[in-house]
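S.K.: Have a peek at model_38.tsv (TSV, C-alpha atoms).
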chain	number	residue	atom	x	y	z
F	717	MET	CA	-12.39	-50.76	38.28
F	718	PRO	CA	-15.82	-50.32	40.00
F	719	ALA	CA	-18.82	-50.58	37.69
F	720	PRO	CA	-19.81	-46.85	37.89
F	721	LEU	CA	-16.29	-45.75	36.88
F	722	ARG	CA	-16.22	-48.29	34.02
F	723	LEU	CA	-19.40	-46.67	32.68
F	724	LEU	CA	-17.97	-43.14	32.96
F	725	ALA	CA	-14.59	-43.92	31.34
F	726	PRO	CA	-15.74	-43.77	27.68
F	727	LEU	CA	-17.47	-40.44	28.37
F	728	LEU	CA	-14.32	-38.95	29.90
F	729	VAL	CA	-12.17	-40.09	26.95
F	730	ALA	CA	-14.62	-38.56	24.46
F	731	ALA	CA	-14.69	-35.27	26.39
F	732	VAL	CA	-10.88	-35.02	26.40
F	733	ALA	CA	-10.69	-35.77	22.68
F	734	LEU	CA	-13.34	-33.17	21.91
F	735	ALA	CA	-11.56	-30.54	24.00
F	736	GLY	CA	-8.33	-31.30	22.14
F	737	CYS	CA	-10.03	-30.75	18.76
F	738	ASP	CA	-11.48	-27.44	19.89
F	739	ALA	CA	-8.09	-26.21	21.11
F	740	ALA	CA	-6.36	-27.13	17.86
F	741	GLY	CA	-9.15	-25.95	15.57
F	742	PRO	CA	-8.45	-22.21	15.24
F	743	GLU	CA	-4.72	-22.76	14.72
F	744	ALA	CA	-5.27	-25.57	12.24
F	745	ASP	CA	-7.70	-23.42	10.24
F	746	ARG	CA	-5.35	-20.41	10.13
F	747	ARG	CA	-4.81	-19.23	6.55
F	748	PRO	CA	-2.81	-16.22	5.40
F	749	ALA	CA	-5.06	-13.33	4.47
F	750	ARG	CA	-5.00	-11.89	0.95
F	751	GLY	CA	-1.58	-10.40	0.29
F	752	GLU	CA	-0.14	-11.84	3.49
F	753	THR	CA	3.31	-13.43	3.48
F	754	ALA	CA	5.50	-14.67	6.34
F	755	ARG	CA	7.21	-11.28	6.33
F	756	GLU	CA	3.91	-9.42	6.53
F	757	GLN	CA	2.44	-11.67	9.22
F	758	ALA	CA	5.13	-10.30	11.53
F	759	LEU	CA	3.68	-6.81	11.14
F	760	LEU	CA	1.02	-5.65	13.57
F	761	PRO	CA	-2.26	-4.66	11.92
F	762	VAL	CA	-2.97	-0.98	11.55
F	763	SER	CA	-6.15	0.07	13.32
F	764	GLU	CA	-8.66	2.21	11.47
F	765	PRO	CA	-7.98	5.82	12.49
F	766	LEU	CA	-10.70	7.22	14.75
F	767	GLU	CA	-12.15	10.70	15.23
F	768	LEU	CA	-11.11	12.02	11.83
F	769	SER	CA	-11.76	15.72	11.34
F	770	GLY	CA	-12.78	15.41	7.69
F	771	PRO	CA	-10.63	15.87	4.58
F	772	ARG	CA	-8.66	18.86	5.84
F	773	PRO	CA	-5.60	19.15	3.57
F	774	SER	CA	-2.09	20.20	4.50
F	775	ASP	CA	-0.12	23.11	3.06
F	776	GLY	CA	1.27	20.68	0.48
F	777	ARG	CA	4.88	21.13	1.56
F	778	ALA	CA	7.14	18.17	0.78
F	779	ARG	CA	8.08	16.32	3.95
F	780	ARG	CA	9.12	12.86	5.03
F	781	GLY	CA	6.26	10.55	5.94
F	782	SER	CA	5.36	7.00	6.81
F	783	LEU	CA	2.75	5.00	4.95
F	784	SER	CA	0.50	2.20	6.19
F	785	ILE	CA	-1.94	0.08	4.18
F	786	PRO	CA	-3.89	-2.16	6.57
F	787	ALA	CA	-5.35	-4.33	3.78
F	788	LEU	CA	-1.83	-5.26	2.61
F	789	GLY	CA	-0.15	-5.60	6.00
F	790	ILE	CA	2.08	-2.60	5.31
F	791	ARG	CA	2.92	-0.56	8.39
F	792	ASP	CA	5.06	2.57	8.71
F	793	LEU	CA	6.85	2.31	5.36
F	794	ALA	CA	9.19	5.29	5.13
F	795	VAL	CA	8.37	7.70	2.29
F	796	VAL	CA	11.35	9.84	1.28
F	797	PRO	CA	10.66	13.10	-0.60
F	798	TYR	CA	12.99	14.29	-3.36
F	799	ARG	CA	12.90	16.82	-6.17
F	800	GLY	CA	12.22	15.05	-9.43
F	801	TYR	CA	9.63	12.91	-11.18
F	802	THR	CA	8.29	9.38	-10.79
F	803	ASP	CA	10.88	6.62	-11.15
F	804	ASP	CA	13.73	8.84	-12.33
F	805	GLY	CA	17.34	8.12	-11.32
F	806	PRO	CA	17.23	9.58	-7.78
F	807	GLY	CA	13.81	8.04	-7.15
F	808	THR	CA	15.01	4.62	-8.24
F	809	VAL	CA	18.00	4.86	-5.89
F	810	ILE	CA	15.66	5.64	-2.98
F	811	GLN	CA	13.45	2.67	-3.84
F	812	ASN	CA	16.49	0.42	-4.11
F	813	GLY	CA	17.05	1.19	-0.43
F	814	GLY	CA	13.84	-0.63	0.44
F	815	VAL	CA	11.63	2.40	1.10
F	816	ALA	CA	9.18	4.48	-0.91
F	817	ALA	CA	10.03	7.62	-2.90
F	818	SER	CA	7.89	10.72	-3.37
F	819	PRO	CA	8.86	13.18	-6.11
F	820	HIS	CA	7.96	16.86	-5.87
F	821	GLY	CA	8.69	20.02	-7.80
F	822	LEU	CA	7.82	21.11	-11.34
F	823	ARG	CA	7.49	17.55	-12.67
F	824	GLY	CA	6.54	15.94	-9.38
F	825	GLY	CA	3.67	16.12	-6.93
F	826	VAL	CA	2.74	17.71	-3.64
F	827	GLY	CA	3.61	16.69	-0.10
F	828	PRO	CA	1.44	14.45	2.10
F	829	GLY	CA	-2.09	15.78	2.53
F	830	GLY	CA	-1.62	18.56	0.00
F	831	ILE	CA	-4.14	19.71	-2.61
F	832	GLY	CA	-2.99	17.95	-5.77
F	833	ASN	CA	-1.30	14.62	-6.40
F	834	TYR	CA	0.85	13.10	-3.64
F	835	GLN	CA	2.91	10.55	-5.58
F	836	VAL	CA	4.47	7.54	-3.86
F	837	THR	CA	6.47	4.85	-5.67
F	838	ALA	CA	8.10	1.66	-4.37
F	839	HIS	CA	9.50	-1.58	-5.77
F	840	ARG	CA	7.37	-4.65	-6.25
F	841	THR	CA	9.81	-7.35	-7.41
F	842	SER	CA	13.17	-6.20	-6.04
F	843	SER	CA	14.81	-4.86	-2.85
F	844	THR	CA	12.35	-5.37	0.03
F	845	ARG	CA	9.41	-5.64	-2.42
F	846	ALA	CA	7.59	-3.00	-0.40
F	847	PHE	CA	4.70	-2.77	-2.90
F	848	GLU	CA	4.63	-6.47	-3.83
F	849	PHE	CA	0.87	-6.73	-3.31
F	850	LEU	CA	-0.14	-3.21	-4.34
F	851	PRO	CA	-1.99	-4.45	-7.47
F	852	THR	CA	-4.46	-6.30	-5.20
F	853	LEU	CA	-5.50	-3.12	-3.36
F	854	ARG	CA	-9.20	-2.61	-3.98
F	855	VAL	CA	-11.51	0.39	-4.30
F	856	GLY	CA	-12.72	1.50	-0.88
F	857	GLU	CA	-9.64	0.39	1.05
F	858	ARG	CA	-7.71	2.88	3.15
F	859	VAL	CA	-4.19	4.27	3.00
F	860	VAL	CA	-2.78	6.07	6.05
F	861	VAL	CA	0.07	8.59	5.83
F	862	ASP	CA	1.67	10.09	8.94
F	863	ALA	CA	3.72	13.24	8.44
F	864	GLY	CA	4.89	15.38	11.33
F	865	ARG	CA	2.10	15.37	13.91
F	866	ARG	CA	-0.67	14.87	11.36
F	867	ARG	CA	-2.31	11.72	10.00
F	868	TYR	CA	-3.89	11.73	6.54
F	869	VAL	CA	-6.30	9.02	5.48
F	870	TYR	CA	-6.97	8.35	1.81
F	871	GLU	CA	-9.54	6.04	0.25
F	872	ILE	CA	-8.74	4.20	-2.98
F	873	VAL	CA	-11.13	5.17	-5.78
F	874	ALA	CA	-9.52	3.89	-9.00
F	875	THR	CA	-6.74	1.93	-10.68
F	876	ARG	CA	-4.68	3.28	-13.59
F	877	ARG	CA	-2.08	1.77	-15.88
F	878	THR	CA	0.83	3.95	-16.99
F	879	SER	CA	3.11	3.39	-19.98
F	880	PHE	CA	6.66	4.73	-19.72
F	881	ARG	CA	6.77	4.81	-23.52
F	882	SER	CA	3.89	7.28	-23.77
F	883	GLU	CA	4.37	10.94	-22.88
F	884	ARG	CA	0.62	11.33	-22.62
F	885	SER	CA	0.34	8.41	-20.20
F	886	LEU	CA	3.16	9.77	-18.05
F	887	ALA	CA	1.53	13.21	-18.03
F	888	GLU	CA	-1.70	11.62	-16.82
F	889	GLN	CA	0.13	9.79	-14.03
F	890	ARG	CA	1.94	12.90	-12.84
F	891	ALA	CA	-0.92	15.38	-13.27
F	892	ALA	CA	-2.16	17.39	-10.31
F	893	VAL	CA	-5.49	15.63	-10.90
F	894	PRO	CA	-4.46	12.05	-11.79
F	895	GLY	CA	-5.52	11.19	-15.33
F	896	HIS	CA	-6.30	14.82	-16.26
F	897	PRO	CA	-3.23	16.88	-17.25
F	898	GLY	CA	-3.83	20.61	-17.05
F	899	ARG	CA	-6.84	20.39	-14.75
F	900	ALA	CA	-6.61	22.55	-11.61
F	901	PRO	CA	-6.75	20.40	-8.45
F	902	THR	CA	-9.41	21.01	-5.83
F	903	ARG	CA	-8.85	17.92	-3.65
F	904	ALA	CA	-5.95	16.18	-1.97
F	905	MET	CA	-5.23	12.95	-3.83
F	906	ILE	CA	-2.62	10.19	-3.77
F	907	THR	CA	-1.07	8.01	-6.46
F	908	LEU	CA	0.60	4.79	-5.30
F	909	SER	CA	2.66	3.32	-8.12
F	910	THR	CA	4.66	0.15	-8.70
F	911	CYS	CA	5.97	-1.83	-11.65
F	912	ALA	CA	3.99	-4.21	-13.85
F	913	THR	CA	7.09	-6.33	-14.51
F	914	ARG	CA	5.31	-9.66	-14.04
F	915	GLU	CA	2.43	-8.69	-16.29
F	916	ASP	CA	4.71	-7.24	-18.99
F	917	HIS	CA	6.97	-10.30	-19.04
F	918	ALA	CA	3.99	-12.65	-19.13
F	919	ALA	CA	2.83	-10.77	-22.24
F	920	GLY	CA	6.28	-11.05	-23.84
F	921	ASN	CA	7.16	-7.39	-23.25
F	922	PHE	CA	10.74	-7.17	-21.94
F	923	TRP	CA	11.37	-3.49	-22.70
F	924	SER	CA	12.97	-1.45	-19.90
F	925	ASP	CA	14.44	2.02	-19.51
F	926	GLU	CA	17.93	2.96	-18.33
F	927	PHE	CA	16.85	2.46	-14.71
F	928	HIS	CA	15.48	-1.05	-15.45
F	929	ASN	CA	11.88	0.10	-15.13
F	930	PRO	CA	9.51	-1.97	-17.32
F	931	GLU	CA	7.15	-0.24	-19.72
F	932	HIS	CA	4.06	-0.36	-17.56
F	933	ARG	CA	3.19	0.64	-14.04
F	934	ILE	CA	0.15	-0.08	-11.93
F	935	ASP	CA	-1.21	2.98	-10.13
F	936	LYS	CA	-3.74	3.11	-7.30
F	937	ILE	CA	-5.52	6.45	-6.97
F	938	GLY	CA	-6.99	7.69	-3.69
F	939	VAL	CA	-8.68	10.79	-2.30
F	940	LEU	CA	-8.25	12.32	1.13
F	941	VAL	CA	-11.21	11.44	3.35
F	942	GLY	CA	-9.96	12.48	6.77
F	943	SER	CA	-7.12	13.75	8.92
F	944	ARG	CA	-6.30	14.25	12.56
F	945	THR	CA	-3.50	15.14	14.93
F	946	VAL	CA	-1.41	12.22	16.22
Here is the file; what I need is its structure written in the form of C-alpha coordinates.

M.R.:
Amino acid sequence: MPAPLRLLAPLLVAAVALAGCDAAGPEADRRPARGETAREQALLPVSEPLELSGPRPSDGRARRGSLSIPALGIRDLAVVPYRGYTDDGPGTVIQNGGVAASPHGLRGGVGPGGIGNYQVTAHRTSSTRAFEFLPTLRVGERVVVDAGRRRYVYEIVATRRTSFRSERSLAEQRAAVPGHPGRAPTRAMITLSTCATREDHAAGNFWSDEFHNPEHRIDKIGVLVGSRTV
(Lines of atoms letter the chains of each structure in order from A and count residues from 1; the text may use other names and numbers.)
(Lines give C-alpha, C1' and ligand atoms only; values in the text may rest on other atoms or scores of the structure.)
Protein backbone atom coordinates (compact mmCIF):
# COMPACT_ATOMS: atom_id res chain seq x y z
CA MET A 1 0.00 0.00 0.00
CA PRO A 2 1.46 3.46 -0.90
CA ALA A 3 2.58 5.55 2.07
CA PRO A 4 -0.22 8.20 1.78
CA LEU A 5 -2.93 5.51 1.83
CA ARG A 6 -1.27 3.77 4.80
CA LEU A 7 -1.54 7.07 6.70
CA LEU A 8 -5.21 7.54 5.78
CA ALA A 9 -6.32 3.97 6.63
CA PRO A 10 -6.64 4.44 10.42
CA LEU A 11 -8.66 7.62 9.88
CA LEU A 12 -11.07 5.86 7.52
CA VAL A 13 -11.59 2.96 9.97
CA ALA A 14 -12.31 5.39 12.82
CA ALA A 15 -14.80 7.33 10.68
CA VAL A 16 -16.70 4.15 9.75
CA ALA A 17 -16.82 3.01 13.37
CA LEU A 18 -18.08 6.40 14.51
CA ALA A 19 -20.78 6.46 11.83
CA GLY A 20 -21.89 2.99 12.94
CA CYS A 21 -22.26 4.16 16.56
CA ASP A 22 -24.30 7.16 15.52
CA ALA A 23 -26.65 5.02 13.43
CA ALA A 24 -27.23 2.56 16.25
CA GLY A 25 -27.46 5.14 19.02
CA PRO A 26 -31.11 6.25 18.84
CA GLU A 27 -32.37 2.67 18.52
CA ALA A 28 -30.13 1.41 21.30
CA ASP A 29 -31.32 4.19 23.61
CA ARG A 30 -35.02 3.57 22.90
CA ARG A 31 -36.96 3.06 26.13
CA PRO A 32 -40.71 2.56 26.51
CA ALA A 33 -42.42 5.72 27.68
CA ARG A 34 -44.37 5.76 30.94
CA GLY A 35 -47.31 3.40 30.65
CA GLU A 36 -46.09 2.00 27.33
CA THR A 37 -46.22 -1.73 26.68
CA ALA A 38 -45.57 -3.73 23.51
CA ARG A 39 -49.30 -3.62 22.81
CA GLU A 40 -49.43 0.15 23.23
CA GLN A 41 -46.30 0.81 21.18
CA ALA A 42 -48.26 -0.49 18.18
CA LEU A 43 -50.75 2.36 18.59
CA LEU A 44 -50.13 5.61 16.76
CA PRO A 45 -49.85 8.64 19.04
CA VAL A 46 -52.84 10.94 19.24
CA SER A 47 -52.02 14.48 18.18
CA GLU A 48 -53.13 17.35 20.37
CA PRO A 49 -56.40 18.64 18.90
CA LEU A 50 -56.00 22.03 17.23
CA GLU A 51 -58.32 25.01 16.80
CA LEU A 52 -60.57 24.17 19.72
CA SER A 53 -63.62 26.41 20.02
CA GLY A 54 -63.58 26.53 23.82
CA PRO A 55 -65.53 24.37 26.29
CA ARG A 56 -68.79 24.29 24.34
CA PRO A 57 -70.82 21.40 25.80
CA SER A 58 -73.12 19.01 23.98
CA ASP A 59 -76.81 18.44 24.64
CA GLY A 60 -75.78 15.66 27.03
CA ARG A 61 -77.57 12.93 25.10
CA ALA A 62 -76.13 9.44 25.58
CA ARG A 63 -74.33 8.28 22.46
CA ARG A 64 -71.55 5.93 21.48
CA GLY A 65 -68.09 7.47 21.48
CA SER A 66 -64.41 6.71 21.16
CA LEU A 67 -61.85 7.71 23.75
CA SER A 68 -58.17 8.54 23.32
CA ILE A 69 -55.61 9.31 26.04
CA PRO A 70 -52.34 10.34 24.38
CA ALA A 71 -50.31 10.11 27.61
CA LEU A 72 -51.27 6.44 28.01
CA GLY A 73 -51.08 5.38 24.36
CA ILE A 74 -54.83 4.76 24.24
CA ARG A 75 -56.41 5.50 20.88
CA ASP A 76 -60.04 5.19 19.79
CA LEU A 77 -61.23 2.96 22.63
CA ALA A 78 -64.93 2.31 22.03
CA VAL A 79 -67.21 3.69 24.77
CA VAL A 80 -70.60 1.95 24.86
CA PRO A 81 -73.51 3.78 26.54
CA TYR A 82 -76.09 1.86 28.56
CA ARG A 83 -78.81 2.66 31.08
CA GLY A 84 -77.56 1.87 34.55
CA TYR A 85 -74.86 2.81 37.05
CA THR A 86 -71.10 2.37 37.29
CA ASP A 87 -69.90 -1.24 37.28
CA ASP A 88 -73.34 -2.86 37.56
CA GLY A 89 -74.11 -6.14 35.79
CA PRO A 90 -74.67 -4.77 32.26
CA GLY A 91 -71.70 -2.44 32.59
CA THR A 92 -69.43 -5.28 33.67
CA VAL A 93 -70.52 -7.36 30.67
CA ILE A 94 -69.62 -4.47 28.33
CA GLN A 95 -66.20 -4.11 29.95
CA ASN A 96 -65.63 -7.86 29.70
CA GLY A 97 -65.86 -7.36 25.93
CA GLY A 98 -62.68 -5.29 26.01
CA VAL A 99 -64.24 -1.84 25.62
CA ALA A 100 -65.35 0.92 27.96
CA ALA A 101 -68.85 1.34 29.41
CA SER A 102 -70.71 4.58 30.08
CA PRO A 103 -73.81 4.45 32.29
CA HIS A 104 -76.59 7.00 31.95
CA GLY A 105 -80.05 7.55 33.36
CA LEU A 106 -81.29 8.23 36.90
CA ARG A 107 -78.27 6.61 38.57
CA GLY A 108 -75.81 7.22 35.76
CA GLY A 109 -74.24 10.20 34.05
CA VAL A 110 -74.61 12.30 30.94
CA GLY A 111 -73.43 11.66 27.40
CA PRO A 112 -70.10 12.84 25.97
CA GLY A 113 -69.61 16.59 26.27
CA GLY A 114 -72.73 17.08 28.37
CA ILE A 115 -73.12 19.37 31.38
CA GLY A 116 -72.68 17.02 34.33
CA ASN A 117 -70.63 13.88 34.83
CA TYR A 118 -69.73 11.75 31.79
CA GLN A 119 -68.77 8.45 33.42
CA VAL A 120 -66.50 5.96 31.65
CA THR A 121 -65.36 2.65 33.17
CA ALA A 122 -63.04 -0.05 31.81
CA HIS A 123 -61.09 -3.03 33.13
CA ARG A 124 -57.55 -2.71 34.36
CA THR A 125 -56.48 -6.30 35.15
CA SER A 126 -58.71 -8.44 32.93
CA SER A 127 -60.02 -8.68 29.35
CA THR A 128 -57.94 -6.32 27.18
CA ARG A 129 -56.86 -4.31 30.27
CA ALA A 130 -57.99 -1.15 28.50
CA PHE A 131 -57.38 1.04 31.58
CA GLU A 132 -54.28 -0.80 32.83
CA PHE A 133 -52.29 2.42 33.23
CA LEU A 134 -55.13 4.79 34.15
CA PRO A 135 -53.81 5.27 37.73
CA THR A 136 -50.66 6.91 36.27
CA LEU A 137 -52.64 9.62 34.45
CA ARG A 138 -51.57 12.96 35.88
CA VAL A 139 -53.23 16.32 36.46
CA GLY A 140 -53.03 18.47 33.34
CA GLU A 141 -53.06 15.60 30.85
CA ARG A 142 -55.70 15.46 28.14
CA VAL A 143 -58.51 13.04 27.34
CA VAL A 144 -60.13 13.18 23.89
CA VAL A 145 -63.65 11.88 23.21
CA ASP A 146 -65.09 11.71 19.69
CA ALA A 147 -68.85 11.35 19.41
CA GLY A 148 -70.70 11.83 16.15
CA ARG A 149 -68.97 14.67 14.31
CA ARG A 150 -67.79 16.41 17.48
CA ARG A 151 -64.55 16.11 19.45
CA TYR A 152 -64.51 16.90 23.17
CA VAL A 153 -61.27 17.53 25.01
CA TYR A 154 -61.08 17.18 28.78
CA GLU A 155 -58.21 18.05 31.09
CA ILE A 156 -57.55 15.95 34.20
CA VAL A 157 -57.87 18.01 37.38
CA ALA A 158 -58.07 15.48 40.23
CA THR A 159 -57.90 11.86 41.38
CA ARG A 160 -60.54 10.24 43.59
CA ARG A 161 -60.80 6.89 45.34
CA THR A 162 -64.21 5.22 45.53
CA SER A 163 -65.29 2.48 47.94
CA PHE A 164 -67.99 0.09 46.73
CA ARG A 165 -68.82 -0.61 50.38
CA SER A 166 -69.76 3.01 51.08
CA GLU A 167 -73.02 4.48 49.78
CA ARG A 168 -71.64 7.95 50.38
CA SER A 169 -68.50 7.21 48.36
CA LEU A 170 -70.54 5.78 45.49
CA ALA A 171 -72.83 8.81 45.55
CA GLU A 172 -69.78 11.06 45.28
CA GLN A 173 -68.46 9.09 42.31
CA ARG A 174 -71.77 9.19 40.46
CA ALA A 175 -72.75 12.76 41.33
CA ALA A 176 -73.41 15.28 38.58
CA VAL A 177 -70.51 17.22 40.09
CA PRO A 178 -67.99 14.49 41.02
CA GLY A 179 -67.43 14.41 44.77
CA HIS A 180 -70.44 16.65 45.54
CA PRO A 181 -73.79 14.80 45.59
CA GLY A 182 -76.76 17.12 45.20
CA ARG A 183 -74.80 20.01 43.71
CA ALA A 184 -76.21 21.34 40.42
CA PRO A 185 -73.67 20.99 37.59
CA THR A 186 -72.52 24.01 35.62
CA ARG A 187 -69.66 22.42 33.66
CA ALA A 188 -69.10 19.38 31.50
CA MET A 189 -66.94 16.91 33.42
CA ILE A 190 -65.67 13.36 32.99
CA THR A 191 -64.95 10.53 35.42
CA LEU A 192 -62.65 7.76 34.20
CA SER A 193 -62.80 4.82 36.57
CA THR A 194 -61.01 1.49 36.95
CA CYS A 195 -60.42 -1.07 39.67
CA ALA A 196 -57.86 -0.85 42.48
CA THR A 197 -57.50 -4.65 42.57
CA ARG A 198 -53.71 -4.60 42.83
CA GLU A 199 -53.70 -2.02 45.60
CA ASP A 200 -56.49 -3.76 47.55
CA HIS A 201 -54.82 -7.17 47.34
CA ALA A 202 -51.46 -5.72 48.34
CA ALA A 203 -53.18 -4.34 51.45
CA GLY A 204 -54.76 -7.73 52.21
CA ASN A 205 -58.25 -6.66 51.11
CA PHE A 206 -59.78 -9.44 48.98
CA TRP A 207 -63.43 -8.37 49.25
CA SER A 208 -65.40 -8.32 45.98
CA ASP A 209 -69.02 -7.89 44.94
CA GLU A 210 -71.17 -10.27 42.90
CA PHE A 211 -69.57 -8.97 39.69
CA HIS A 212 -66.03 -9.56 41.04
CA ASN A 213 -65.38 -5.85 41.48
CA PRO A 214 -62.93 -5.14 44.33
CA GLU A 215 -63.84 -2.69 47.06
CA HIS A 216 -61.97 0.29 45.71
CA ARG A 217 -61.80 2.10 42.41
CA ILE A 218 -59.42 4.74 41.15
CA ASP A 219 -61.16 7.67 39.45
CA LYS A 220 -59.62 10.39 37.30
CA ILE A 221 -61.70 13.57 37.10
CA GLY A 222 -61.52 15.97 34.17
CA VAL A 223 -63.23 19.13 32.94
CA LEU A 224 -64.12 20.05 29.38
CA VAL A 225 -61.62 22.57 28.01
CA GLY A 226 -62.44 22.55 24.32
CA SER A 227 -64.41 21.05 21.45
CA ARG A 228 -64.52 21.18 17.69
CA THR A 229 -66.10 19.58 14.66
CA VAL A 230 -64.22 16.60 13.18

S.K.: When distances are computed from all atoms listed in the file, which of F:Glu931, F:Glu888, F:Glu857, F:Asp925 shows the smallest separation from Arg823 (chain F)?

M.R.: F:Glu888

S.K.: Can you work out the spacing between CA of Ala874 (chain F) and CA of Ser774 (chain F) in Å, to one decimal?

M.R.: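 It comes out at 22.4 Å.
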
S.K.: Have a look at F:His917, F:Arg865, F:Arg854, F:His932 and name the one nearest to Ser882 (chain F); count only C-alpha atoms.

M.R.: F:His932

S.K.: Counting all atoms listed in the file, which residues of region 830-895 of chain F sit at most 10 Å from some atom of region 797-812 of chain F, and what is each one's closest atom pair with its distance in Å to one decimal, listed by chain and rising residue number, as a Markdown table?

M.R.:
| residue | atom | partner | partner_atom | distance |
| --- | --- | --- | --- | --- |
| F:Gln835 | CA | F:Thr802 | CA | 7.6 |
| F:Val836 | CA | F:Thr802 | CA | 8.1 |
| F:Thr837 | CA | F:Thr802 | CA | 7.1 |
| F:Ala838 | CA | F:Gln811 | CA | 5.5 |
| F:His839 | CA | F:Gln811 | CA | 6.1 |
| F:Arg840 | CA | F:Gln811 | CA | 9.8 |
| F:Ser842 | CA | F:Asn812 | CA | 7.7 |
| F:Ser843 | CA | F:Asn812 | CA | 5.7 |
| F:Thr844 | CA | F:Asn812 | CA | 8.2 |
| F:Arg845 | CA | F:Gln811 | CA | 9.3 |
| F:Ala846 | CA | F:Gln811 | CA | 8.8 |
| F:Phe880 | CA | F:Asp803 | CA | 9.7 |
| F:Leu886 | CA | F:Thr802 | CA | 8.9 |
| F:Gln889 | CA | F:Thr802 | CA | 8.8 |
| F:Arg890 | CA | F:Thr802 | CA | 7.5 |

S.K.: Could you please determine the separation between CA of Val861 (chain F) and CA of Ala891 (chain F) in Å, to one decimal place?

M.R.: 20.3 Å

S.K.: What does the distance between CA of Thr902 (chain F) and CA of Gly829 (chain F) come to in Å, to one decimal place?

M.R.: 12.3 Å
